[in-house]
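Trainee: Encoded as structure tokens, here's the structure I'll be asking about.
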Amino acid sequence: MFKKVLVANRGEIALRVIRALREMSVKSVAVCSEADKNNFYCGLADDCICIGPAPAASSYLNISQIISAALVKKCDAVHPGYGFLAENPHFAEICSSYGLSFIGPSPETIALAGQKAEIIDLVKRKKIPVIPGSKGVVANAAEAKKIAAGIKYPVIIKATAGGGGKGMRIVRSEKDIEQAFELAGTEAKNAFSDSGLYVEKYIESPRHIEIQVAADKKGKVVFFPERDCSIQRNHQKVLEEGPSPQINSNLRKKLGETACRVAKLINYTSVGTVEFLVSKDDFYFMEMNARIQVEHPVTELVSDIDLVKMQIALAAGEELKLRQDDIKEICHSVECRINSEDENYTPSAGTLEKLILPGGPGVRVDTAMTSGAEISPFYDSMIAKIITYGRNRTEAIMRMQRALMEIKIEGVTTNIKLHQKILKNENFIKGCYTTDFIGDMK
Amino acid sequence: MVKKQLQKKKPAARPKPEPAAASAADLDLKKIMEVLGKTDVCEFEYSRGDMHIVLKKEPVSVILGETETAQTESGPAEKNLPVLDEKACAQTCVKTLKSPAVGIFHISDGNTLIASVGKKIKKGQRIGWVNSMGINQEIMAEKNSKITAILCKDREVVEWGQKLFEIEENNV
């Protein structure tokens with residue numbers, strides 16, 4: 001096992017990793033930007049080092065400073081968290097070249113998972129269902145038009161290096177495709193420094209279902225009960241739950257086994273997530289996220305398994321002790337991402353004048369925020385993740401409604417009202433919703 | 001660059017002068033000057049009643065090109081006394097040099113110490129470096145200066161932005 005791990009991230013995920021390391025008797029070294037020096041997570045690590053000024057490009061994305069910090073603090077591994085450098089194969093490779101274990105899959109696997117067009121092509125060859133679309137990167141708008149004519153409108157243009165809805169356009173008729181292609185390309189270039197795009201059939205009103213997997217270096221892979229992440233705004237997740245109220249046991253098994261096949265196909269060796277679009281009983285592979293995800297606590301509660309500790313142990317070379325049959329759904333769980341944002345989902349920075357978080361039975365809170373903390377304009381505007389669990393879905397939802405009532409936040413505008421509205425929506429309560437849910441709710 | 005100055009007391013609404021306080025002679029000017037002379041305060045302004053006093057320090061001469069023998073700035077006591085000269089401008093200021101990177105701080109090159117408190121340094125002269133992933137990031141003064149404090153030990157692990165040196169810059 002590792003002796004000392006550098007946590008190359010900030011906020012709640014840094015704290016989540018620091019907590020896991022402490023429970024494993026592994027020392028932790030936090031990194032922080034100048035803006036985060038007083039953040040709660042810094043004080044809970046065994047050591048902390050400032051790596052640069054507030055802008056992420058000069059701190060949390062500054063590979064040389066992070067590697068230097070790991071070396072001078074005599075760490076033997078680096079945990080990237082999510083976002084920032086978590087899916088940067090170059091970073092994983094540099095860690096390795098300096099003798100630091102990267103807590104995640106290999107650089108080659110990260111690179112492959114990150115090239116969406118390539119991985120889709122790969123899984124398609126293995127008869128895993130994918131959404132009909134282009135083979136690899138589409139060179140120009142004329143080629144996109146030709147492909148769209150073949151698979152029929154509506155189509156969706158996506159960035160090959162993308163995520164979070166950036167570089168994405170839905171096109172419903174031929175007259176719009178040229179402009180949409182140009183706009184998506186520019187957006188992708190700005191967001192990911194890669195303007196590569198691909199085109200696929202747009203599935204109307206699908207569900208976004210994802211399967212958590214864990215794989216060791218000996219090739220053993222297991223899957224966990226699914227998370228339903230269909231509640232999205234601007235293609236970004238807001239509320240997640242598990243298991244999905246819309247998936248039967250037969251489909252669950254098929255999705256799980258397919259996810260394991262994908263993981264094996266790309267030699268995956270860590271915890272990760274395979275994402276699917278599900279329409280009725282049909283499902284299509286979308287992508288694989290080669291990292292721990294924001295919504296991982298839902299699976300941790302549903303299965304009563306610590307995924308972050310498992311991820312660290314796998315990186316240290318331990319074999320998976322779990323058998324597939326050991327993984328059970330012991331409860332239902334719901335997660336709400338509490339963001340500092342206005343009703344148009346525009347992030348807002350400011351000081352949390354007051355922050356009172358919920359508690360009581362069945363409530364878990366993952367946050368690094370405290371009263372008086374700053375929501376910095378330089379970073380993500382998430383204040384906290386509230387995760388509830390119950391013996392069944394109704395109990396988990398009731399607990400979430402109660403938990404949201406207990407929260408007191410002053411100083412910034414939040415999306416708590418949006419969550420309350422979702423939780424009271426008749427279709428949500430029935431468990432009947434798709435990725436169009438928030439748009440339809442308005 | 002931080003220029004240390006005593007907070008100027010701006011002339012407030014002038015109250016009627018108190019008889020006992022109206023005379024400059026009643027203020028122990030010499031005592032004020034002596035106290036100021038022992039600090040690195042560059043400028044002092046004081047108003048009371050009809051009286052308005054501005055004290056500014058004389059430029060401090062910095063000897064350049066000296067050996068590692070520490071040169072102290074304090075010459076004859078009179079030299080550092082503030083003078084009553086409105087045109088005379090402060091010519092030194094204290095500046096903190098911070099680490100440009102995470103790494104190991106060095107002030108010695110093998111057995112030779114290249115920085116010490118009191119040492120006079122020339123513009124662009126290396127006084128230390130931070131080794132970050134095998135690359136030395138040099139610490140040097142932008143102007144002719146004197147090292148007044150070394151805030152980290154040789155071969156100490158330093159973070160980005162950590163204070164390394166305090167220097168007194170010569171603005172002449």
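In the structure tokens, the first chain shown is A, the next is B, and so on; residue numbers restart at 1 for each chain, and ligands run from 1 in the order shown.
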Show me, as a PDB file with all heavy atoms, in the first residue's frame, the residues that have an atom within 10 Å of range 149-156 of chain A when counting only C-alpha atoms, minus same-chain residues fewer than 6 positions from it.

Mentor:
```
ATOM      1  N   ILE A 131     -25.097   4.163 -30.792  1.00  0.00           N
ATOM      2  CA  ILE A 131     -26.035   4.988 -31.541  1.00  0.00           C
ATOM      3  C   ILE A 131     -25.495   5.123 -32.964  1.00  0.00           C
ATOM      4  O   ILE A 131     -24.307   5.420 -33.148  1.00  0.00           O
ATOM      5  CB  ILE A 131     -26.179   6.364 -30.851  1.00  0.00           C
ATOM      6  CG1 ILE A 131     -26.724   6.150 -29.442  1.00  0.00           C
ATOM      7  CG2 ILE A 131     -27.101   7.287 -31.641  1.00  0.00           C
ATOM      8  CD1 ILE A 131     -26.536   7.342 -28.530  1.00  0.00           C
ATOM      9  N   PRO A 132     -26.341   4.909 -33.978  1.00  0.00           N
ATOM     10  CA  PRO A 132     -25.837   5.026 -35.351  1.00  0.00           C
ATOM     11  C   PRO A 132     -25.231   6.400 -35.599  1.00  0.00           C
ATOM     12  O   PRO A 132     -25.767   7.413 -35.135  1.00  0.00           O
ATOM     13  CB  PRO A 132     -27.092   4.828 -36.220  1.00  0.00           C
ATOM     14  CG  PRO A 132     -28.111   4.220 -35.328  1.00  0.00           C
ATOM     15  CD  PRO A 132     -27.770   4.614 -33.929  1.00  0.00           C
ATOM     16  N   GLY A 133     -24.106   6.424 -36.291  1.00  0.00           N
ATOM     17  CA  GLY A 133     -23.479   7.722 -36.550  1.00  0.00           C
ATOM     18  C   GLY A 133     -22.192   7.593 -37.324  1.00  0.00           C
ATOM     19  O   GLY A 133     -21.921   6.553 -37.942  1.00  0.00           O
ATOM     20  N   SER A 134     -21.385   8.642 -37.262  1.00  0.00           N
ATOM     21  CA  SER A 134     -20.155   8.705 -38.053  1.00  0.00           C
ATOM     22  C   SER A 134     -19.107   7.724 -37.538  1.00  0.00           C
ATOM     23  O   SER A 134     -19.104   7.359 -36.358  1.00  0.00           O
ATOM     24  CB  SER A 134     -19.581  10.118 -37.995  1.00  0.00           C
ATOM     25  OG  SER A 134     -19.296  10.459 -36.659  1.00  0.00           O
ATOM     26  N   GLU A 143     -19.441  16.579 -44.949  1.00  0.00           N
ATOM     27  CA  GLU A 143     -19.433  15.160 -44.572  1.00  0.00           C
ATOM     28  C   GLU A 143     -20.501  14.891 -43.512  1.00  0.00           C
ATOM     29  O   GLU A 143     -21.189  13.862 -43.549  1.00  0.00           O
ATOM     30  CB  GLU A 143     -18.042  14.774 -44.046  1.00  0.00           C
ATOM     31  CG  GLU A 143     -17.842  13.271 -43.954  1.00  0.00           C
ATOM     32  CD  GLU A 143     -16.526  12.889 -43.278  1.00  0.00           C
ATOM     33  OE1 GLU A 143     -15.541  13.655 -43.406  1.00  0.00           O
ATOM     34  OE2 GLU A 143     -16.499  11.839 -42.629  1.00  0.00           O
ATOM     35  N   MET A 168     -21.627  20.659 -28.311  1.00  0.00           N
ATOM     36  CA  MET A 168     -22.724  19.733 -28.624  1.00  0.00           C
ATOM     37  C   MET A 168     -23.884  20.513 -29.251  1.00  0.00           C
ATOM     38  O   MET A 168     -24.238  21.588 -28.758  1.00  0.00           O
ATOM     39  CB  MET A 168     -23.159  19.095 -27.296  1.00  0.00           C
ATOM     40  CG  MET A 168     -24.036  17.872 -27.445  1.00  0.00           C
ATOM     41  SD  MET A 168     -24.555  17.293 -25.824  1.00  0.00           S
ATOM     42  CE  MET A 168     -23.182  16.302 -25.323  1.00  0.00           C
ATOM     43  N   ARG A 169     -24.447  20.006 -30.341  1.00  0.00           N
ATOM     44  CA  ARG A 169     -25.588  20.663 -30.998  1.00  0.00           C
ATOM     45  C   ARG A 169     -26.571  19.617 -31.508  1.00  0.00           C
ATOM     46  O   ARG A 169     -26.160  18.651 -32.151  1.00  0.00           O
ATOM     47  CB  ARG A 169     -25.115  21.522 -32.186  1.00  0.00           C
ATOM     48  CG  ARG A 169     -24.375  22.802 -31.828  1.00  0.00           C
ATOM     49  CD  ARG A 169     -25.330  23.850 -31.237  1.00  0.00           C
ATOM     50  NE  ARG A 169     -24.669  25.110 -30.959  1.00  0.00           N
ATOM     51  CZ  ARG A 169     -23.828  25.348 -29.941  1.00  0.00           C
ATOM     52  NH1 ARG A 169     -23.556  24.390 -29.102  1.00  0.00           N
ATOM     53  NH2 ARG A 169     -23.279  26.529 -29.771  1.00  0.00           N
ATOM     54  N   ILE A 170     -27.849  19.837 -31.237  1.00  0.00           N
ATOM     55  CA  ILE A 170     -28.888  18.965 -31.798  1.00  0.00           C
ATOM     56  C   ILE A 170     -29.347  19.622 -33.094  1.00  0.00           C
ATOM     57  O   ILE A 170     -29.627  20.828 -33.119  1.00  0.00           O
ATOM     58  CB  ILE A 170     -30.068  18.815 -30.814  1.00  0.00           C
ATOM     59  CG1 ILE A 170     -29.596  18.117 -29.532  1.00  0.00           C
ATOM     60  CG2 ILE A 170     -31.224  18.025 -31.446  1.00  0.00           C
ATOM     61  CD1 ILE A 170     -30.511  18.304 -28.344  1.00  0.00           C
ATOM     62  N   VAL A 171     -29.410  18.842 -34.152  1.00  0.00           N
ATOM     63  CA  VAL A 171     -29.810  19.387 -35.460  1.00  0.00           C
ATOM     64  C   VAL A 171     -31.026  18.607 -35.959  1.00  0.00           C
ATOM     65  O   VAL A 171     -30.989  17.377 -36.058  1.00  0.00           O
ATOM     66  CB  VAL A 171     -28.658  19.283 -36.491  1.00  0.00           C
ATOM     67  CG1 VAL A 171     -29.025  20.037 -37.766  1.00  0.00           C
ATOM     68  CG2 VAL A 171     -27.358  19.826 -35.915  1.00  0.00           C
ATOM     69  N   ARG A 172     -32.079  19.346 -36.281  1.00  0.00           N
ATOM     70  CA  ARG A 172     -33.329  18.682 -36.659  1.00  0.00           C
ATOM     71  C   ARG A 172     -33.591  18.702 -38.167  1.00  0.00           C
ATOM     72  O   ARG A 172     -34.462  17.994 -38.643  1.00  0.00           O
ATOM     73  CB  ARG A 172     -34.503  19.304 -35.904  1.00  0.00           C
ATOM     74  CG  ARG A 172     -34.391  19.059 -34.409  1.00  0.00           C
ATOM     75  CD  ARG A 172     -35.614  19.445 -33.634  1.00  0.00           C
ATOM     76  NE  ARG A 172     -35.390  19.178 -32.205  1.00  0.00           N
ATOM     77  CZ  ARG A 172     -35.564  17.986 -31.635  1.00  0.00           C
ATOM     78  NH1 ARG A 172     -35.976  16.962 -32.350  1.00  0.00           N
ATOM     79  NH2 ARG A 172     -35.317  17.827 -30.353  1.00  0.00           N
ATOM     80  N   SER A 173     -32.882  19.527 -38.893  1.00  0.00           N
ATOM     81  CA  SER A 173     -33.086  19.512 -40.346  1.00  0.00           C
ATOM     82  C   SER A 173     -31.798  19.906 -41.068  1.00  0.00           C
ATOM     83  O   SER A 173     -30.903  20.535 -40.471  1.00  0.00           O
ATOM     84  CB  SER A 173     -34.223  20.460 -40.733  1.00  0.00           C
ATOM     85  OG  SER A 173     -33.827  21.783 -40.475  1.00  0.00           O
ATOM     86  N   GLU A 174     -31.739  19.556 -42.329  1.00  0.00           N
ATOM     87  CA  GLU A 174     -30.513  19.741 -43.112  1.00  0.00           C
ATOM     88  C   GLU A 174     -30.078  21.204 -43.200  1.00  0.00           C
ATOM     89  O   GLU A 174     -28.894  21.511 -43.201  1.00  0.00           O
ATOM     90  CB  GLU A 174     -30.724  19.169 -44.519  1.00  0.00           C
ATOM     91  CG  GLU A 174     -29.453  19.051 -45.305  1.00  0.00           C
ATOM     92  CD  GLU A 174     -29.670  18.456 -46.679  1.00  0.00           C
ATOM     93  OE1 GLU A 174     -29.798  17.226 -46.769  1.00  0.00           O
ATOM     94  OE2 GLU A 174     -29.713  19.227 -47.652  1.00  0.00           O
ATOM     95  N   ILE A 177     -27.541  22.293 -40.399  1.00  0.00           N
ATOM     96  CA  ILE A 177     -26.368  21.498 -40.000  1.00  0.00           C
ATOM     97  C   ILE A 177     -25.037  22.230 -40.184  1.00  0.00           C
ATOM     98  O   ILE A 177     -24.132  22.093 -39.354  1.00  0.00           O
ATOM     99  CB  ILE A 177     -26.365  20.107 -40.696  1.00  0.00           C
ATOM    100  CG1 ILE A 177     -25.408  19.178 -39.913  1.00  0.00           C
ATOM    101  CG2 ILE A 177     -26.013  20.196 -42.169  1.00  0.00           C
ATOM    102  CD1 ILE A 177     -25.667  17.723 -40.116  1.00  0.00           C
ATOM    103  N   ALA A 180     -24.554  24.691 -37.276  1.00  0.00           N
ATOM    104  CA  ALA A 180     -24.374  23.948 -36.016  1.00  0.00           C
ATOM    105  C   ALA A 180     -22.994  23.310 -35.955  1.00  0.00           C
ATOM    106  O   ALA A 180     -22.346  23.293 -34.897  1.00  0.00           O
ATOM    107  CB  ALA A 180     -25.458  22.881 -35.905  1.00  0.00           C
ATOM    108  N   PHE A 181     -22.518  22.815 -37.090  1.00  0.00           N
ATOM    109  CA  PHE A 181     -21.206  22.165 -37.147  1.00  0.00           C
ATOM    110  C   PHE A 181     -20.099  23.180 -36.828  1.00  0.00           C
ATOM    111  O   PHE A 181     -19.188  22.901 -36.042  1.00  0.00           O
ATOM    112  CB  PHE A 181     -20.986  21.548 -38.530  1.00  0.00           C
ATOM    113  CG  PHE A 181     -19.818  20.601 -38.577  1.00  0.00           C
ATOM    114  CD1 PHE A 181     -19.985  19.258 -38.265  1.00  0.00           C
ATOM    115  CD2 PHE A 181     -18.543  21.044 -38.918  1.00  0.00           C
ATOM    116  CE1 PHE A 181     -18.904  18.381 -38.295  1.00  0.00           C
ATOM    117  CE2 PHE A 181     -17.472  20.172 -38.944  1.00  0.00           C
ATOM    118  CZ  PHE A 181     -17.649  18.841 -38.634  1.00  0.00           C
ATOM    119  N   TYR A 198     -17.997  14.532 -33.955  1.00  0.00           N
ATOM    120  CA  TYR A 198     -18.620  13.382 -34.597  1.00  0.00           C
ATOM    121  C   TYR A 198     -20.127  13.593 -34.604  1.00  0.00           C
ATOM    122  O   TYR A 198     -20.654  14.456 -33.885  1.00  0.00           O
ATOM    123  CB  TYR A 198     -18.205  12.062 -33.931  1.00  0.00           C
ATOM    124  CG  TYR A 198     -18.628  11.874 -32.500  1.00  0.00           C
ATOM    125  CD1 TYR A 198     -19.754  11.103 -32.172  1.00  0.00           C
ATOM    126  CD2 TYR A 198     -17.901  12.437 -31.458  1.00  0.00           C
ATOM    127  CE1 TYR A 198     -20.124  10.907 -30.850  1.00  0.00           C
ATOM    128  CE2 TYR A 198     -18.268  12.250 -30.137  1.00  0.00           C
ATOM    129  CZ  TYR A 198     -19.385  11.481 -29.829  1.00  0.00           C
ATOM    130  OH  TYR A 198     -19.756  11.303 -28.530  1.00  0.00           O
ATOM    131  N   VAL A 199     -20.795  12.829 -35.434  1.00  0.00           N
ATOM    132  CA  VAL A 199     -22.241  13.000 -35.625  1.00  0.00           C
ATOM    133  C   VAL A 199     -22.930  11.675 -35.334  1.00  0.00           C
ATOM    134  O   VAL A 199     -22.440  10.617 -35.738  1.00  0.00           O
ATOM    135  CB  VAL A 199     -22.541  13.424 -37.083  1.00  0.00           C
ATOM    136  CG1 VAL A 199     -24.060  13.547 -37.315  1.00  0.00           C
ATOM    137  CG2 VAL A 199     -21.867  14.740 -37.420  1.00  0.00           C
ATOM    138  N   GLU A 200     -24.045  11.719 -34.607  1.00  0.00           N
ATOM    139  CA  GLU A 200     -24.803  10.487 -34.382  1.00  0.00           C
ATOM    140  C   GLU A 200     -26.300  10.764 -34.348  1.00  0.00           C
ATOM    141  O   GLU A 200     -26.722  11.925 -34.212  1.00  0.00           O
ATOM    142  CB  GLU A 200     -24.338   9.785 -33.097  1.00  0.00           C
ATOM    143  CG  GLU A 200     -24.527  10.584 -31.855  1.00  0.00           C
ATOM    144  CD  GLU A 200     -23.971   9.911 -30.597  1.00  0.00           C
ATOM    145  OE1 GLU A 200     -23.002   9.153 -30.687  1.00  0.00           O
ATOM    146  OE2 GLU A 200     -24.529  10.182 -29.537  1.00  0.00           O
ATOM    147  N   LYS A 201     -27.069   9.723 -34.459  1.00  0.00           N
ATOM    148  CA  LYS A 201     -28.521   9.822 -34.411  1.00  0.00           C
ATOM    149  C   LYS A 201     -28.916  10.369 -33.040  1.00  0.00           C
ATOM    150  O   LYS A 201     -28.396   9.925 -32.017  1.00  0.00           O
ATOM    151  CB  LYS A 201     -29.106   8.416 -34.617  1.00  0.00           C
ATOM    152  CG  LYS A 201     -30.594   8.323 -34.460  1.00  0.00           C
ATOM    153  CD  LYS A 201     -31.307   8.758 -35.713  1.00  0.00           C
ATOM    154  CE  LYS A 201     -32.825   8.674 -35.540  1.00  0.00           C
ATOM    155  NZ  LYS A 201     -33.501   9.528 -36.532  1.00  0.00           N
ATOM    156  N   TYR A 202     -29.813  11.332 -33.026  1.00  0.00           N
ATOM    157  CA  TYR A 202     -30.272  11.870 -31.740  1.00  0.00           C
ATOM    158  C   TYR A 202     -31.469  11.049 -31.271  1.00  0.00           C
ATOM    159  O   TYR A 202     -32.496  10.971 -31.945  1.00  0.00           O
ATOM    160  CB  TYR A 202     -30.651  13.349 -31.900  1.00  0.00           C
ATOM    161  CG  TYR A 202     -31.169  13.962 -30.611  1.00  0.00           C
ATOM    162  CD1 TYR A 202     -30.349  14.034 -29.497  1.00  0.00           C
ATOM    163  CD2 TYR A 202     -32.470  14.440 -30.512  1.00  0.00           C
ATOM    164  CE1 TYR A 202     -30.808  14.574 -28.310  1.00  0.00           C
ATOM    165  CE2 TYR A 202     -32.933  14.993 -29.327  1.00  0.00           C
ATOM    166  CZ  TYR A 202     -32.098  15.051 -28.237  1.00  0.00           C
ATOM    167  OH  TYR A 202     -32.558  15.586 -27.049  1.00  0.00           O
ATOM    168  N   ILE A 203     -31.316  10.413 -30.121  1.00  0.00           N
ATOM    169  CA  ILE A 203     -32.393   9.589 -29.567  1.00  0.00           C
ATOM    170  C   ILE A 203     -33.323  10.509 -28.770  1.00  0.00           C
ATOM    171  O   ILE A 203     -32.898  11.121 -27.789  1.00  0.00           O
ATOM    172  CB  ILE A 203     -31.830   8.472 -28.635  1.00  0.00           C
ATOM    173  CG1 ILE A 203     -30.699   7.684 -29.330  1.00  0.00           C
ATOM    174  CG2 ILE A 203     -32.949   7.555 -28.146  1.00  0.00           C
ATOM    175  CD1 ILE A 203     -31.106   6.834 -30.492  1.00  0.00           C
ATOM    176  N   GLU A 204     -34.562  10.586 -29.184  1.00  0.00           N
ATOM    177  CA  GLU A 204     -35.515  11.473 -28.508  1.00  0.00           C
ATOM    178  C   GLU A 204     -35.890  10.886 -27.139  1.00  0.00           C
ATOM    179  O   GLU A 204     -36.127   9.687 -27.012  1.00  0.00           O
ATOM    180  CB  GLU A 204     -36.793  11.614 -29.343  1.00  0.00           C
ATOM    181  CG  GLU A 204     -36.587  12.202 -30.723  1.00  0.00           C
ATOM    182  CD  GLU A 204     -36.621  13.726 -30.748  1.00  0.00           C
ATOM    183  OE1 GLU A 204     -36.650  14.351 -29.667  1.00  0.00           O
ATOM    184  OE2 GLU A 204     -36.605  14.292 -31.854  1.00  0.00           O
TER     185      GLU A 204
END
```

Trainee: Near chain A, meaning an atom within 8 Å, which residues of chain B appear when counting only C-alpha atoms? Write them as a PyMOL selection string.

Mentor: chain B and resi 101-104+132-133+157+159-161

Trainee: What's the 6 Å shell around range 374-385 of chain A, counting only C-alpha atoms, without same-chain residues fewer than 4 positions away, as a list in words?

Mentor: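 After dropping sequence-adjacent residues, the list is Pro55, Cys336, Arg337, Ile338, Asn339, Ser340, Pro347, Ala349, Gly350, Thr351, Val365, Asp366 and Thr367 of chain A.
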
Trainee: Just the residues within 9 Å of Pro107 in chain A, please, counting only C-alpha atoms, with nothing from its chain fewer than 5 positions along; format it as a list in words.

Mentor: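 Skipping anything fewer than 5 positions along the chain leaves Glu87, Asn88, Pro89, His90, Phe91, Ala92, Glu93 and Leu112 of chain A.
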
Trainee: Just list the residues in range 359-408 of chain A DSSP gives strand (DSSP E or B) on the backbone, as a PDB file with C-alpha atoms, in the first residue's frame.

Mentor:
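Below is the file result.pdb, written as the result:
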```pdb
ATOM      1  CA  VAL A 363     -28.357  11.805   5.117  1.00  0.00           C
ATOM      2  CA  ARG A 364     -24.774  12.107   3.852  1.00  0.00           C
ATOM      3  CA  VAL A 365     -23.231  15.466   3.006  1.00  0.00           C
ATOM      4  CA  ASP A 366     -20.095  15.774   0.893  1.00  0.00           C
ATOM      5  CA  GLU A 374     -15.872  31.857  -0.787  1.00  0.00           C
ATOM      6  CA  ILE A 375     -17.498  30.469  -3.909  1.00  0.00           C
ATOM      7  CA  MET A 382     -20.989  23.374  -6.420  1.00  0.00           C
ATOM      8  CA  ILE A 383     -21.503  24.053  -2.715  1.00  0.00           C
ATOM      9  CA  ALA A 384     -22.362  20.551  -1.524  1.00  0.00           C
ATOM     10  CA  LYS A 385     -23.674  17.170  -2.529  1.00  0.00           C
ATOM     11  CA  ILE A 386     -26.574  16.021  -0.384  1.00  0.00           C
ATOM     12  CA  ILE A 387     -27.077  12.281  -0.620  1.00  0.00           C
ATOM     13  CA  THR A 388     -29.929  10.501   1.114  1.00  0.00           C
ATOM     14  CA  TYR A 389     -30.742   6.839   1.367  1.00  0.00           C
ATOM     15  CA  GLY A 390     -33.696   4.801   2.543  1.00  0.00           C
ATOM     16  CA  LYS A 408     -29.701  27.339   5.340  1.00  0.00           C
TER      17      LYS A 408
END
```

Trainee: For a quick check of understanding, using only C-alpha atoms, which of B:His106, B:Lys123, B:Glu138, B:Val117 has the smallest distance to Glu166 in chain B?

Mentor: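 Residue with the minimum atom-to-atom distance to Glu166 in chain B: B:Val117.
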